[in-house]
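Novice: What follows is a structure written as structure tokens; I'll ask about it next.
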Amino acid sequence: MAVLIVLIVRDPGRIDRRSRTQRRATIVLIVIMTVGTLGGLVVLLVDIVDSTYMVGPTVLLGRGAALWVTNVLVFSLWFWELDRGGATELAAASPIPPSFGFPEDAMPELVADGWMPRYPDYLYLSFTNATAFSPTDTLQVRMWAKMTMMAEAVISLITAILVIARAINVLPG
């Protein structure tokens with residue numbers, strides 16, 4: 001929480017200033033959120049396999065849904081921060097090559113001149129990857145993008161498998 005407060009105070013709503021310190025702080029915040037997501041996955045696993053602590057189906061579904069949403073948000077932030085050098089480099093129109101090939105890149109005649117991806121583009125990318133366990137309309141160009149998308153899909157798949165397996169076990173047979 002302290003890292004988030006520092007980021008907001010240093011740059012409240014702007015992404016037009018290049019700052020190494022701010023970029024590092026942003027990455028630290030996303031790392032903390034990633035660790036929290038993985039911790040949530042471990043808690044979900046323990047809730048499901050620990051027979052001494054029976055979690056009701058409603059609580060289990062709620063935890064699974066919260067973990068899935070957190071997974072989508074965390075990975076959307078990773079994609080946004082790492083693609084093309086991050087949000088500040090995008091705002092500065094830096095020539096850093098892309099890590100993702102968005103449909104707008106392939107069909108420039110359909111978008112405004114100078115189109116660049118914004119956060120909602122990365123949120124959509126993360127959502128579709130977590131839902132379909134694969135990319136839908138955006139290609140990964142760099143190895144880090146492929147591995148990060150694979151990690152997100154694995155976390156989503158494990159979450160779904162755990163919740164579905166427990167739900168089947170809870171249903172009257």
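Ordering of the structure tokens sets the chain letters (A, B, ...), residue numbers begin anew at 1 in every chain, and ligands are numbered from 1 in the order given.
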Using only C-alpha atoms, determine which residues lie at most 10 Å from Ala160 of chain A, disregarding the query and same-chain residues fewer than 6 positions distant; provide the list as a list in words.
Specialist: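 So the residues in contact are Leu61, Gly64, Ala65, Trp68, Thr131, Val154 and Arg166 of chain A.
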Novice: Hey, can you spit out that residue selection with N, CA and C atoms as a CSV table (one decimal), in the first residue's frame?
Specialist:
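Resulting contents of out_26.csv:
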```csv
chain,number,residue,atom,x,y,z
A,61,LEU,N,-16.5,-20.2,-4.2
A,61,LEU,CA,-16.8,-19.5,-5.5
A,61,LEU,C,-16.4,-18.1,-5.5
A,64,GLY,N,-12.6,-17.9,-5.5
A,64,GLY,CA,-12.1,-18.2,-6.9
A,64,GLY,C,-12.3,-17.1,-7.9
A,65,ALA,N,-13.5,-16.5,-7.8
A,65,ALA,CA,-13.8,-15.4,-8.7
A,65,ALA,C,-12.9,-14.2,-8.4
A,68,TRP,N,-9.5,-14.9,-9.8
A,68,TRP,CA,-9.5,-14.8,-11.2
A,68,TRP,C,-9.4,-13.3,-11.7
A,131,THR,N,-9.5,-16.0,-20.0
A,131,THR,CA,-10.8,-16.7,-20.2
A,131,THR,C,-10.6,-17.8,-21.2
A,154,VAL,N,-2.0,-20.3,-17.0
A,154,VAL,CA,-1.8,-21.4,-16.1
A,154,VAL,C,-2.5,-21.1,-14.8
A,166,ARG,N,-13.8,-28.9,-6.7
A,166,ARG,CA,-14.5,-28.8,-5.4
A,166,ARG,C,-16.0,-28.7,-5.5
```
Novice: Just list the residues in segment 28-111 of chain A DSSP gives alpha helix (DSSP H) on the backbone, as a PyMOL selection string.
Specialist: chain A and resi 28-49+57-82+87-91+103-106
Novice: If we count only C-alpha atoms, what is near segment 138-152 of chain A at a cut-off of 7 Å, once residues fewer than 2 positions away on the same chain are taken out, given as a PyMOL selection string?
Specialist: chain A and resi 71+75+99-103+125+129-130+135-136+154-156
Novice: Any chance you can output those residues with C-alpha atoms as a short mmCIF file (atom, residue, chain, number, x, y, z; two decimals), in the first residue's frame?
Specialist:
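So the final result, stored in result.cif, reads:
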```cif
data_model
loop_
_atom_site.label_atom_id
_atom_site.label_comp_id
_atom_site.auth_asym_id
_atom_site.auth_seq_id
_atom_site.Cartn_x
_atom_site.Cartn_y
_atom_site.Cartn_z
CA ASN A 71 -5.13 -12.38 -11.97
CA PHE A 75 -1.32 -9.37 -15.77
CA SER A 99 6.02 -6.93 -27.66
CA PHE A 100 2.43 -7.47 -28.76
CA GLY A 101 0.92 -7.23 -32.22
CA PHE A 102 -2.53 -5.70 -31.75
CA PRO A 103 -5.10 -5.91 -34.57
CA LEU A 125 -5.72 -8.83 -23.77
CA ASN A 129 -6.09 -14.75 -22.24
CA ALA A 130 -7.44 -15.64 -18.79
CA PRO A 135 -4.49 -15.19 -27.03
CA THR A 136 -7.47 -14.30 -29.14
CA VAL A 154 -1.82 -21.43 -16.08
CA ILE A 155 -3.01 -19.48 -13.03
CA SER A 156 -6.49 -19.08 -14.55
#
```
Novice: Can you pull out every residue within 7 Å of Ser76 of chain A, counting only C-alpha atoms, but drop anything in the same chain fewer than 5 positions away, and send it as a list of chain:residue names?
Specialist: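 Listed by chain and then number, they are A:Tyr122, A:Leu123, A:Ser126.
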Novice: Write the residues of the selection above to a file with C-alpha atoms, as a PDB file, in the first residue's frame.
Specialist:
```pdb
ATOM      1  CA  TYR A 122      -3.969  -4.575 -22.224  1.00  0.00           C
ATOM      2  CA  LEU A 123      -6.921  -5.234 -19.912  1.00  0.00           C
ATOM      3  CA  SER A 126      -5.416 -10.112 -20.207  1.00  0.00           C
TER       4      SER A 126
END
```
Novice: Could you check which of A:Asp113, A:Thr21, A:Ile168, A:Leu67 is closest to Thr37 of chain A, using only C-alpha atoms?
Specialist: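 Closest candidate: A:Leu67.
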Novice: So, counting only C-alpha atoms, which residue among A:Met116, A:Val28, A:Leu60, A:Leu41 is closest to Ala91 of chain A?
Specialist: A:Met116
Novice: Pick from A:Pro117, A:Ser19, A:Val69, A:Pro57: nearest to Thr88 of chain A, with only C-alpha atoms counted?
Specialist: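 Smallest distance to Thr88 of chain A is found for A:Ser19.
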Novice: Select, from A:Leu90, A:Leu162, A:Val35, A:Ala112, the residue with the minimum atom-to-atom distance to Asp47 of chain A, counting only C-alpha atoms.
Specialist: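 Of A:Leu90, A:Leu162, A:Val35, A:Ala112, the one nearest Asp47 of chain A is A:Leu162, counting only C-alpha atoms.
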Novice: Restricting the calculation to only C-alpha atoms: of A:Pro120, A:Trp115, A:Leu29, A:Phe133, which residue gets closest to Thr159 of chain A?
Specialist: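 Among the listed residues, the smallest separation from Thr159 of chain A belongs to A:Phe133.
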